[in-house]
file model24.cif (mmCIF, C-alpha atoms; chains and numbers go by the auth columns)
data_input
#
loop_
_atom_site.group_PDB
_atom_site.id
_atom_site.type_symbol
_atom_site.label_atom_id
_atom_site.label_comp_id
_atom_site.label_asym_id
_atom_site.label_seq_id
_atom_site.Cartn_x
_atom_site.Cartn_y
_atom_site.Cartn_z
_atom_site.B_iso_or_equiv
_atom_site.auth_seq_id
_atom_site.auth_asym_id
ATOM 1 C CA MET A 1 180.507 -14.682 0.536 0.00 49 A
ATOM 2 C CA THR A 2 177.175 -15.743 1.996 0.00 50 A
ATOM 3 C CA THR A 3 174.344 -16.908 -0.367 0.00 51 A
ATOM 4 C CA HIS A 4 170.656 -16.276 0.651 0.00 52 A
ATOM 5 C CA THR A 5 167.930 -18.710 -0.583 0.00 53 A
ATOM 6 C CA PRO A 6 164.764 -16.847 -1.631 0.00 54 A
ATOM 7 C CA THR A 7 161.548 -17.781 0.313 0.00 55 A
ATOM 8 C CA PRO A 8 158.026 -17.958 -1.265 0.00 56 A
ATOM 9 C CA SER A 9 155.944 -14.867 -0.943 0.00 57 A
ATOM 10 C CA THR A 10 152.986 -15.369 1.469 0.00 58 A
ATOM 11 C CA SER A 11 151.162 -12.465 -0.072 0.00 59 A
ATOM 12 C CA SER A 12 150.873 -14.147 -3.491 0.00 60 A
ATOM 13 C CA GLY A 13 149.523 -17.381 -1.926 0.00 61 A
ATOM 14 C CA GLY A 14 146.867 -15.486 -0.012 0.00 62 A
ATOM 15 C CA LYS A 15 145.724 -13.765 -3.157 0.00 63 A
ATOM 16 C CA THR A 16 145.336 -17.126 -4.927 0.00 64 A
ATOM 17 C CA ARG A 17 143.196 -18.543 -2.114 0.00 65 A
ATOM 18 C CA LYS A 18 140.987 -15.489 -2.135 0.00 66 A
ATOM 19 C CA GLN A 19 140.497 -15.795 -5.893 0.00 67 A
ATOM 20 C CA LEU A 20 139.547 -19.475 -5.541 0.00 68 A
ATOM 21 C CA ILE A 21 137.063 -18.664 -2.787 0.00 69 A
ATOM 22 C CA ALA A 22 135.516 -15.896 -4.887 0.00 70 A
ATOM 23 C CA ILE A 23 135.145 -18.260 -7.855 0.00 71 A
ATOM 24 C CA LEU A 24 133.510 -20.919 -5.645 0.00 72 A
ATOM 25 C CA VAL A 25 131.082 -18.378 -4.187 0.00 73 A
ATOM 26 C CA LEU A 26 130.228 -17.202 -7.694 0.00 74 A
ATOM 27 C CA LEU A 27 129.590 -20.776 -8.844 0.00 75 A
ATOM 28 C CA VAL A 28 127.318 -21.416 -5.846 0.00 76 A
ATOM 29 C CA LEU A 29 125.348 -18.264 -6.598 0.00 77 A
ATOM 30 C CA ILE A 30 124.958 -19.288 -10.241 0.00 78 A
ATOM 31 C CA ILE A 31 123.724 -22.760 -9.188 0.00 79 A
ATOM 32 C CA LEU A 32 121.228 -21.222 -6.750 0.00 80 A
ATOM 33 C CA LEU A 33 119.924 -18.859 -9.419 0.00 81 A
ATOM 34 C CA LEU A 34 119.478 -21.753 -11.870 0.00 82 A
ATOM 35 C CA ALA A 35 117.649 -23.783 -9.219 0.00 83 A
ATOM 36 C CA LEU A 36 115.339 -20.845 -8.458 0.00 84 A
ATOM 37 C CA PHE A 37 114.617 -20.348 -12.159 0.00 85 A
ATOM 38 C CA LEU A 38 113.751 -24.016 -12.640 0.00 86 A
ATOM 39 C CA PHE A 39 111.509 -23.984 -9.540 0.00 87 A
ATOM 40 C CA LEU A 40 109.582 -20.950 -10.762 0.00 88 A
ATOM 41 C CA GLN A 41 109.169 -22.489 -14.232 0.00 89 A
ATOM 42 C CA VAL A 42 107.820 -25.780 -12.847 0.00 90 A
ATOM 43 C CA SER A 43 105.430 -23.945 -10.514 0.00 91 A
ATOM 44 C CA GLY A 44 104.127 -21.895 -13.426 0.00 92 A
ATOM 45 C CA ASP A 45 103.537 -25.014 -15.506 0.00 93 A
ATOM 46 C CA ARG A 46 101.621 -26.677 -12.674 0.00 94 A
ATOM 47 C CA GLY A 47 99.522 -23.589 -12.188 0.00 95 A
ATOM 48 C CA GLY A 48 98.697 -23.548 -15.888 0.00 96 A
ATOM 49 C CA ASP A 49 97.749 -27.235 -15.818 0.00 97 A
ATOM 50 C CA SER A 50 95.547 -26.676 -12.774 0.00 98 A
ATOM 51 C CA ALA A 51 93.796 -23.739 -14.402 0.00 99 A
ATOM 52 C CA ALA A 52 93.297 -25.755 -17.572 0.00 100 A
ATOM 53 C CA ALA A 53 91.861 -28.657 -15.566 0.00 101 A
ATOM 54 C CA GLU A 54 89.489 -26.344 -13.691 0.00 102 A
ATOM 55 C CA GLY A 55 88.416 -24.797 -16.978 0.00 103 A
ATOM 56 C CA SER A 56 87.797 -28.256 -18.430 0.00 104 A
ATOM 57 C CA VAL A 57 85.662 -29.309 -15.429 0.00 105 A
ATOM 58 C CA SER A 58 83.700 -26.071 -15.592 0.00 106 A
ATOM 59 C CA SER A 59 83.133 -26.477 -19.326 0.00 107 A
ATOM 60 C CA SER A 60 82.047 -30.114 -18.850 0.00 108 A
ATOM 61 C CA SER A 61 79.583 -29.106 -16.130 0.00 109 A
ATOM 62 C CA GLU A 62 78.121 -26.373 -18.305 0.00 110 A
ATOM 63 C CA ASN A 63 77.767 -28.786 -21.231 0.00 111 A
ATOM 64 C CA GLY A 64 76.020 -31.305 -18.962 0.00 112 A
ATOM 65 C CA ASP A 65 73.569 -28.682 -17.721 0.00 113 A
ATOM 66 C CA ALA A 66 72.839 -27.612 -21.284 0.00 114 A
ATOM 67 C CA GLN A 67 72.126 -31.208 -22.311 0.00 115 A
ATOM 68 C CA VAL A 68 69.765 -31.707 -19.371 0.00 116 A
ATOM 69 C CA GLN A 69 67.949 -28.494 -20.244 0.00 117 A
ATOM 70 C CA ALA A 70 67.643 -29.538 -23.891 0.00 118 A
ATOM 71 C CA GLN A 71 66.265 -32.980 -22.961 0.00 119 A
ATOM 72 C CA ALA A 72 63.743 -31.428 -20.568 0.00 120 A
ATOM 73 C CA GLU A 73 62.538 -28.989 -23.232 0.00 121 A
ATOM 74 C CA LYS A 74 62.076 -31.824 -25.743 0.00 122 A
ATOM 75 C CA ALA A 75 60.127 -33.842 -23.170 0.00 123 A
ATOM 76 C CA VAL A 76 57.799 -30.902 -22.483 0.00 124 A
ATOM 77 C CA VAL A 77 56.992 -30.627 -26.199 0.00 125 A
ATOM 78 C CA VAL A 78 56.365 -34.380 -26.522 0.00 126 A
ATOM 79 C CA TYR A 79 54.211 -34.616 -23.397 0.00 127 A
ATOM 80 C CA LYS A 80 52.072 -31.673 -24.480 0.00 128 A
ATOM 81 C CA GLN A 81 51.455 -33.426 -27.801 0.00 129 A
ATOM 82 C CA VAL A 82 50.529 -36.649 -25.987 0.00 130 A
ATOM 83 C CA LEU A 83 48.069 -34.881 -23.712 0.00 131 A
ATOM 84 C CA ALA A 84 46.524 -33.066 -26.661 0.00 132 A
ATOM 85 C CA ASN A 85 46.088 -36.215 -28.742 0.00 133 A
ATOM 86 C CA PRO A 86 46.910 -39.461 -26.891 0.00 134 A
ATOM 87 C CA ALA A 87 46.956 -42.757 -28.743 0.00 135 A
ATOM 88 C CA PRO A 88 44.560 -45.574 -27.727 0.00 136 A
ATOM 89 C CA LEU A 89 45.855 -47.750 -24.898 0.00 137 A
ATOM 90 C CA GLN A 90 46.150 -51.495 -25.386 0.00 138 A
ATOM 91 C CA THR A 91 45.381 -53.463 -22.210 0.00 139 A
ATOM 92 C CA PHE A 92 45.029 -57.192 -21.545 0.00 140 A
ATOM 93 C CA VAL A 93 41.225 -56.793 -21.404 0.00 141 A
ATOM 94 C CA GLY A 94 40.912 -54.670 -24.532 0.00 142 A
ATOM 95 C CA GLU A 95 41.675 -51.315 -26.092 0.00 143 A
ATOM 96 C CA VAL A 96 40.899 -48.094 -24.253 0.00 144 A
ATOM 97 C CA SER A 97 40.230 -44.856 -26.124 0.00 145 A
ATOM 98 C CA PRO A 98 41.041 -41.429 -24.651 0.00 146 A
ATOM 99 C CA GLY A 99 38.160 -39.915 -22.711 0.00 147 A
ATOM 100 C CA GLY A 100 37.219 -36.560 -21.285 0.00 148 A
ATOM 101 C CA ALA A 101 38.278 -37.468 -17.726 0.00 149 A
ATOM 102 C CA MET A 102 41.949 -37.999 -18.432 0.00 150 A
ATOM 103 C CA LYS A 103 44.546 -36.965 -15.873 0.00 151 A
ATOM 104 C CA TYR A 104 48.298 -37.327 -15.620 0.00 152 A
ATOM 105 C CA ALA A 105 51.301 -37.337 -13.329 0.00 153 A
ATOM 106 C CA LEU A 106 55.077 -37.228 -13.772 0.00 154 A
ATOM 107 C CA VAL A 107 57.342 -39.796 -12.127 0.00 155 A
ATOM 108 C CA HIS A 108 60.991 -40.811 -12.464 0.00 156 A
ATOM 109 C CA LEU A 109 61.149 -44.474 -13.423 0.00 157 A
ATOM 110 C CA ASP A 110 64.953 -44.501 -13.770 0.00 158 A
ATOM 111 C CA ASP A 111 67.950 -42.376 -12.807 0.00 159 A
ATOM 112 C CA GLY A 112 67.574 -40.113 -15.847 0.00 160 A
ATOM 113 C CA CYS A 113 67.014 -36.382 -15.616 0.00 161 A
ATOM 114 C CA VAL A 114 63.623 -36.442 -17.405 0.00 162 A
ATOM 115 C CA PRO A 115 60.568 -37.999 -15.696 0.00 163 A
ATOM 116 C CA GLU A 116 58.077 -40.254 -17.452 0.00 164 A
ATOM 117 C CA LEU A 117 54.468 -39.268 -18.152 0.00 165 A
ATOM 118 C CA VAL A 118 51.867 -41.498 -16.464 0.00 166 A
ATOM 119 C CA LEU A 119 48.530 -40.977 -18.231 0.00 167 A
ATOM 120 C CA ASN A 120 45.264 -42.029 -16.602 0.00 168 A
ATOM 121 C CA TYR A 121 42.731 -42.678 -19.401 0.00 169 A
ATOM 122 C CA GLY A 122 39.718 -42.812 -17.070 0.00 170 A
ATOM 123 C CA THR A 123 37.437 -45.830 -17.082 0.00 171 A
ATOM 124 C CA SER A 124 38.809 -49.070 -18.498 0.00 172 A
ATOM 125 C CA ALA A 125 37.512 -52.126 -20.336 0.00 173 A
ATOM 126 C CA MET A 126 37.871 -54.033 -17.077 0.00 174 A
ATOM 127 C CA SER A 127 35.242 -52.028 -15.182 0.00 175 A
ATOM 128 C CA ALA A 128 33.758 -48.558 -15.035 0.00 176 A
ATOM 129 C CA GLU A 129 35.115 -48.383 -11.483 0.00 177 A
ATOM 130 C CA ILE A 130 38.723 -49.054 -12.492 0.00 178 A
ATOM 131 C CA ASP A 131 40.881 -46.635 -14.485 0.00 179 A
ATOM 132 C CA ALA A 132 43.266 -47.697 -17.250 0.00 180 A
ATOM 133 C CA ILE A 133 46.744 -46.144 -17.147 0.00 181 A
ATOM 134 C CA GLY A 134 49.491 -45.890 -19.769 0.00 182 A
ATOM 135 C CA VAL A 135 53.064 -44.620 -19.600 0.00 183 A
ATOM 136 C CA TYR A 136 54.967 -42.384 -22.025 0.00 184 A
ATOM 137 C CA GLY A 137 58.563 -41.249 -22.198 0.00 185 A
ATOM 138 C CA VAL A 138 61.183 -39.807 -24.520 0.00 186 A
ATOM 139 C CA ASP A 139 64.277 -41.510 -25.927 0.00 187 A
ATOM 140 C CA GLU A 140 67.814 -40.110 -26.192 0.00 188 A
ATOM 141 C CA ASN A 141 66.835 -38.194 -29.332 0.00 189 A
ATOM 142 C CA GLY A 142 63.773 -36.628 -27.710 0.00 190 A
ATOM 143 C CA GLN A 143 61.328 -38.852 -29.606 0.00 191 A
ATOM 144 C CA GLU A 144 58.087 -40.099 -28.054 0.00 192 A
ATOM 145 C CA ILE A 145 57.888 -43.583 -26.528 0.00 193 A
ATOM 146 C CA GLN A 146 54.560 -45.207 -25.689 0.00 194 A
ATOM 147 C CA PHE A 147 55.470 -48.131 -23.470 0.00 195 A
ATOM 148 C CA GLN A 148 53.625 -51.395 -24.100 0.00 196 A
ATOM 149 C CA ASN A 149 52.779 -51.904 -20.431 0.00 197 A
ATOM 150 C CA SER A 150 49.369 -50.894 -19.103 0.00 198 A
ATOM 151 C CA TYR A 151 48.133 -50.582 -15.520 0.00 199 A
ATOM 152 C CA HIS A 152 44.893 -50.157 -13.603 0.00 200 A
ATOM 153 C CA ASP A 153 43.726 -48.313 -10.514 0.00 201 A
ATOM 154 C CA GLY A 154 40.453 -48.734 -8.630 0.00 202 A
ATOM 155 C CA VAL A 155 38.196 -51.172 -6.814 0.00 203 A
ATOM 156 C CA THR A 156 35.097 -52.948 -8.133 0.00 204 A
ATOM 157 C CA SER A 157 32.014 -53.025 -5.924 0.00 205 A
ATOM 158 C CA VAL A 158 31.197 -56.508 -7.208 0.00 206 A
ATOM 159 C CA GLY A 159 33.767 -59.287 -7.036 0.00 207 A
ATOM 160 C CA GLY A 160 36.297 -57.440 -4.863 0.00 208 A
ATOM 161 C CA VAL A 161 38.840 -56.799 -7.617 0.00 209 A
ATOM 162 C CA ARG A 162 41.443 -54.298 -6.459 0.00 210 A
ATOM 163 C CA ARG A 163 44.047 -52.461 -8.497 0.00 211 A
ATOM 164 C CA ALA A 164 46.401 -49.685 -7.373 0.00 212 A
ATOM 165 C CA LEU A 165 49.275 -47.769 -8.947 0.00 213 A
ATOM 166 C CA GLN A 166 51.464 -45.907 -6.448 0.00 214 A
ATOM 167 C CA ARG A 167 54.587 -43.760 -6.720 0.00 215 A
ATOM 168 C CA ALA A 168 57.767 -45.172 -5.129 0.00 216 A
ATOM 169 C CA THR A 169 59.187 -42.775 -2.527 0.00 217 A
ATOM 170 C CA GLY A 170 62.708 -44.028 -1.803 0.00 218 A
ATOM 171 C CA GLN A 171 63.807 -44.936 -5.312 0.00 219 A
ATOM 172 C CA PRO A 172 62.924 -44.379 -8.971 0.00 220 A
ATOM 173 C CA GLY A 173 59.868 -46.349 -10.030 0.00 221 A
ATOM 174 C CA MET A 174 56.255 -47.048 -9.141 0.00 222 A
ATOM 175 C CA PHE A 175 54.396 -49.985 -7.597 0.00 223 A
ATOM 176 C CA SER A 176 51.548 -51.866 -9.237 0.00 224 A
ATOM 177 C CA PHE A 177 49.307 -53.673 -6.731 0.00 225 A
ATOM 178 C CA SER A 178 46.612 -56.135 -7.736 0.00 226 A
ATOM 179 C CA ALA A 179 44.380 -58.475 -5.753 0.00 227 A
ATOM 180 C CA GLU A 180 41.448 -60.717 -6.622 0.00 228 A
ATOM 181 C CA ARG A 181 38.508 -61.873 -4.529 0.00 229 A
ATOM 182 C CA MET A 182 38.743 -59.549 -1.546 0.00 230 A
ATOM 183 C CA GLY A 183 42.518 -59.492 -1.125 0.00 231 A
ATOM 184 C CA ARG A 184 43.440 -63.014 -2.162 0.00 232 A
ATOM 185 C CA ASP A 185 45.832 -63.785 -5.035 0.00 233 A
ATOM 186 C CA GLN A 186 47.721 -60.525 -4.510 0.00 234 A
ATOM 187 C CA GLU A 187 50.586 -59.531 -6.784 0.00 235 A
ATOM 188 C CA ASP A 188 52.872 -56.563 -6.102 0.00 236 A
ATOM 189 C CA LEU A 189 55.293 -55.313 -8.753 0.00 237 A
ATOM 190 C CA LEU A 190 57.988 -52.624 -8.871 0.00 238 A
ATOM 191 C CA VAL A 191 57.923 -50.907 -12.265 0.00 239 A
ATOM 192 C CA THR A 192 61.141 -49.268 -13.500 0.00 240 A
ATOM 193 C CA ARG A 193 62.501 -48.157 -16.843 0.00 241 A
ATOM 194 C CA GLN A 194 65.428 -49.807 -18.598 0.00 242 A
ATOM 195 C CA GLY A 195 66.155 -48.162 -21.934 0.00 243 A
ATOM 196 C CA ASP A 196 62.987 -48.107 -24.018 0.00 244 A
ATOM 197 C CA GLU A 197 61.171 -50.717 -21.922 0.00 245 A
ATOM 198 C CA LEU A 198 59.429 -50.933 -18.564 0.00 246 A
ATOM 199 C CA VAL A 199 60.579 -53.784 -16.331 0.00 247 A
ATOM 200 C CA GLU A 200 58.279 -55.312 -13.702 0.00 248 A
ATOM 201 C CA THR A 201 59.929 -56.949 -10.691 0.00 249 A
ATOM 202 C CA PRO A 202 58.122 -58.761 -7.848 0.00 250 A
ATOM 203 C CA ALA A 203 58.209 -56.575 -4.748 0.00 251 A
ATOM 204 C CA ASN A 204 57.021 -56.423 -1.154 0.00 252 A
ATOM 205 C CA PRO A 205 57.250 -52.738 -0.206 0.00 253 A
ATOM 206 C CA GLY A 206 56.595 -51.411 3.258 0.00 254 A
ATOM 207 C CA SER A 207 53.906 -48.848 4.020 0.00 255 A
ATOM 208 C CA GLY A 208 56.321 -45.916 3.826 0.00 256 A
ATOM 209 C CA GLU A 209 57.873 -46.873 0.491 0.00 257 A
ATOM 210 C CA PHE A 210 55.039 -45.657 -1.746 0.00 258 A
ATOM 211 C CA GLU A 211 52.434 -42.911 -1.996 0.00 259 A
ATOM 212 C CA GLN A 212 49.469 -41.953 -4.161 0.00 260 A
ATOM 213 C CA PHE A 213 49.944 -40.023 -7.369 0.00 261 A
ATOM 214 C CA ASN A 214 48.976 -36.360 -7.441 0.00 262 A
ATOM 215 C CA TRP A 215 46.837 -36.565 -10.570 0.00 263 A
ATOM 216 C CA ILE A 216 46.495 -33.408 -12.686 0.00 264 A
ATOM 217 C CA PRO A 217 43.530 -32.983 -15.081 0.00 265 A
ATOM 218 C CA ALA A 218 44.779 -33.335 -18.647 0.00 266 A
ATOM 219 C CA ASP A 219 42.812 -30.326 -19.839 0.00 267 A
#
call {"tool": "encode", "arguments": {"input": "model24.cif", "output": "structure tokens"}}
result
Amino acid sequence: MTTHTPTPSTSSGGKTRKQLIAILVLLVLIILLLALFLFLQVSGDRGGDSAAAEGSVSSSSENGDAQVQAQAEKAVVVYKQVLANPAPLQTFVGEVSPGGAMKYALVHLDDGCVPELVLNYGTSAMSAEIDAIGVYGVDENGQEIQFQNSYHDGVTSVGGVRRALQRATGQPGMFSFSAERMGRDQEDLLVTRQGDELVETPANPGSGEFEQFNWIPAD
């Protein structure tokens, strides 16, 4: 009697391999879907952060513009009050009272957004041919500042005394020129603002670095 040894079925092995392949493909698809989900979530978060940052910059810019506008409006009110009733000006040759020939100009003496008020009082205690000039500004709270410095502009027919106040063209500030005895003993100063004070620095500007003020009658 002959005995036959059973052989493994090839069909059952093929089915097992197919099942394994299907499971692997399913796992890969699940991993890809998870990766896509995470990518979309991160992109959304970045977009939200970018929009928030843009909104913050826009809000900051608007707040800055509003502050500049508010400071300018306060300065207008203060300067109108000064022009309507200016205080006497103290100079090194005596006090000068406001007169009927006053005139003014606006000039930036620092990098701030509000210019300073340069007030020409008319004739000075130095000479009827030389005008006395004072400077006003506003502080951070919009309050009036009358700077202690005083300046002069004009030329005397006797003695050759010369004084000139000129606007700086390439930078904030103004130049004060003075000379005695027909041009000798000349002193040139750059006048700028630092906080609530005017600072005078020796200078030697070229001809194109300054220009005359465009004076406006105070009335």
call {"tool": "closest_residue", "arguments": {"input": "model24.cif", "among": "A:Ile193, A:Ile69, A:Val183, A:Cys161", "to": "A:Ala118", "atoms": "all atoms listed in the file"}}
result
A:Cys161
call {"tool": "residues_around", "arguments": {"input": "model24.cif", "residues": "A:Tyr127", "least_positions_apart": "2", "cutoff": "9 Å", "atoms": "all atoms listed in the file", "output": "PDB file with C-alpha atoms, in the frame of the given file"}}
result
ATOM      1  CA  LYS A 122      62.076 -31.824 -25.743  1.00  0.00           C
ATOM      2  CA  ALA A 123      60.127 -33.842 -23.170  1.00  0.00           C
ATOM      3  CA  VAL A 124      57.799 -30.902 -22.483  1.00  0.00           C
ATOM      4  CA  VAL A 125      56.992 -30.627 -26.199  1.00  0.00           C
ATOM      5  CA  GLN A 129      51.455 -33.426 -27.801  1.00  0.00           C
ATOM      6  CA  VAL A 130      50.529 -36.649 -25.987  1.00  0.00           C
ATOM      7  CA  LEU A 131      48.069 -34.881 -23.712  1.00  0.00           C
ATOM      8  CA  ALA A 132      46.524 -33.066 -26.661  1.00  0.00           C
ATOM      9  CA  LEU A 165      54.468 -39.268 -18.152  1.00  0.00           C
ATOM     10  CA  TYR A 184      54.967 -42.384 -22.025  1.00  0.00           C
ATOM     11  CA  GLY A 185      58.563 -41.249 -22.198  1.00  0.00           C
ATOM     12  CA  VAL A 186      61.183 -39.807 -24.520  1.00  0.00           C
ATOM     13  CA  GLU A 192      58.087 -40.099 -28.054  1.00  0.00           C
TER      14      GLU A 192
END
call {"tool": "closest_residue", "arguments": {"input": "model24.cif", "among": "A:Gln260, A:Ser172, A:Ser255, A:Ser198", "to": "A:Arg215", "atoms": "all atoms listed in the file"}}
result
A:Gln260
call {"tool": "closest_residue", "arguments": {"input": "model24.cif", "among": "A:Ser175, A:Asn197, A:Gln214, A:Asn262", "to": "A:Val247", "atoms": "all atoms listed in the file"}}
result
A:Asn197
call {"tool": "atom_distance", "arguments": {"input": "model24.cif", "atom1": "atom CA of A:Thr240", "atom2": "atom CA of A:Ala114"}}
result
25.8 Å
call {"tool": "resolve_selection", "arguments": {"input": "model24.cif", "expression": "the PyMOL selection byres ((chain A and resi 248) around 10)", "output": "list in words"}}
result
Asn197, Gly221, Met222, Phe223, Ser224, Asp236, Leu237, Leu238, Val239, Thr240, Arg241, Glu245, Leu246, Val247, Thr249, Pro250 and Ala251 of chain A
call {"tool": "atom_distance", "arguments": {"input": "model24.cif", "atom1": "atom CA of A:Asn133", "atom2": "atom CA of A:Gln117"}}
result
24.7 Å
call {"tool": "atom_distance", "arguments": {"input": "model24.cif", "atom1": "atom CA of A:Asn189", "atom2": "atom CA of A:Gln115"}}
result
11.2 Å
call {"tool": "closest_residue", "arguments": {"input": "model24.cif", "among": "A:Asp267, A:Glu188, A:Asp233, A:Asp201", "to": "A:Val116", "atoms": "all atoms listed in the file"}}
result
A:Glu188
call {"tool": "resolve_selection", "arguments": {"input": "model24.cif", "expression": "the PyMOL selection byres ((chain A and resi 204) around 12)", "output": "number ranges by chain"}}
result
A: 171-172, 174-179, 200-203, 205-212, 226-230
call {"tool": "resolve_selection", "arguments": {"input": "model24.cif", "expression": "the PyMOL selection byres ((chain A and resi 140) around 10)", "output": "number ranges by chain"}}
result
A: 138-139, 141-143, 173-174, 197-199
call {"tool": "axis_aligned_box", "arguments": {"input": "model24.cif", "around": "stretch 160-178 of chain A", "padding_each_side": "8 Å", "output": "JSON"}}
result
{"center_x": 50.7, "center_y": -45.2, "center_z": -15.9, "size_x": 49.8, "size_y": 33.7, "size_z": 24.9}
call {"tool": "decode", "arguments": {"input": "model24.cif", "residues": "stretch 231-252 of chain A", "atoms": "N, CA and C atoms", "output": "short mmCIF file (atom, residue, chain, number, x, y, z; two decimals), in the first residue's frame"}}
result
data_model
loop_
_atom_site.label_atom_id
_atom_site.label_comp_id
_atom_site.auth_asym_id
_atom_site.auth_seq_id
_atom_site.Cartn_x
_atom_site.Cartn_y
_atom_site.Cartn_z
N GLY A 231 32.84 142.31 9.89
CA GLY A 231 33.17 140.93 9.53
C GLY A 231 34.18 140.25 10.41
N ARG A 232 34.87 140.98 11.28
CA ARG A 232 35.83 140.35 12.16
C ARG A 232 35.11 139.76 13.38
N ASP A 233 35.82 138.88 14.08
CA ASP A 233 35.26 138.21 15.27
C ASP A 233 33.93 137.52 14.95
N GLN A 234 33.93 136.71 13.90
CA GLN A 234 32.70 136.04 13.47
C GLN A 234 32.51 134.75 14.25
N GLU A 235 31.25 134.49 14.59
CA GLU A 235 30.88 133.26 15.28
C GLU A 235 29.65 132.66 14.61
N ASP A 236 29.77 131.41 14.17
CA ASP A 236 28.67 130.71 13.51
C ASP A 236 28.25 129.53 14.38
N LEU A 237 26.94 129.41 14.62
CA LEU A 237 26.42 128.36 15.49
C LEU A 237 25.28 127.62 14.81
N LEU A 238 25.25 126.30 14.99
CA LEU A 238 24.10 125.48 14.59
C LEU A 238 23.22 125.31 15.81
N VAL A 239 21.95 125.68 15.67
CA VAL A 239 21.00 125.62 16.78
C VAL A 239 20.04 124.44 16.55
N THR A 240 20.01 123.51 17.48
CA THR A 240 19.10 122.37 17.40
C THR A 240 18.41 122.19 18.75
N ARG A 241 17.36 121.40 18.73
CA ARG A 241 16.61 121.14 19.96
C ARG A 241 16.95 119.77 20.51
N GLN A 242 17.19 119.72 21.82
CA GLN A 242 17.36 118.46 22.54
C GLN A 242 16.45 118.51 23.77
N GLY A 243 15.34 117.79 23.69
CA GLY A 243 14.37 117.82 24.78
C GLY A 243 13.73 119.19 24.90
N ASP A 244 13.83 119.79 26.07
CA ASP A 244 13.22 121.10 26.30
C ASP A 244 14.25 122.22 26.25
N GLU A 245 15.38 121.98 25.59
CA GLU A 245 16.43 122.98 25.50
C GLU A 245 16.91 123.12 24.06
N LEU A 246 17.46 124.29 23.75
CA LEU A 246 18.13 124.52 22.48
C LEU A 246 19.63 124.43 22.70
N VAL A 247 20.29 123.68 21.83
CA VAL A 247 21.73 123.46 21.94
C VAL A 247 22.43 124.18 20.79
N GLU A 248 23.46 124.93 21.11
CA GLU A 248 24.22 125.70 20.12
C GLU A 248 25.60 125.07 19.94
N THR A 249 25.89 124.68 18.70
CA THR A 249 27.15 124.00 18.38
C THR A 249 27.92 124.82 17.35
N PRO A 250 29.21 125.05 17.56
CA PRO A 250 30.00 125.77 16.55
C PRO A 250 29.89 125.08 15.19
N ALA A 251 29.75 125.87 14.15
CA ALA A 251 29.53 125.31 12.81
C ALA A 251 30.26 126.15 11.77
N ASN A 252 30.44 125.56 10.61
CA ASN A 252 31.04 126.26 9.47
C ASN A 252 30.31 125.81 8.21
#
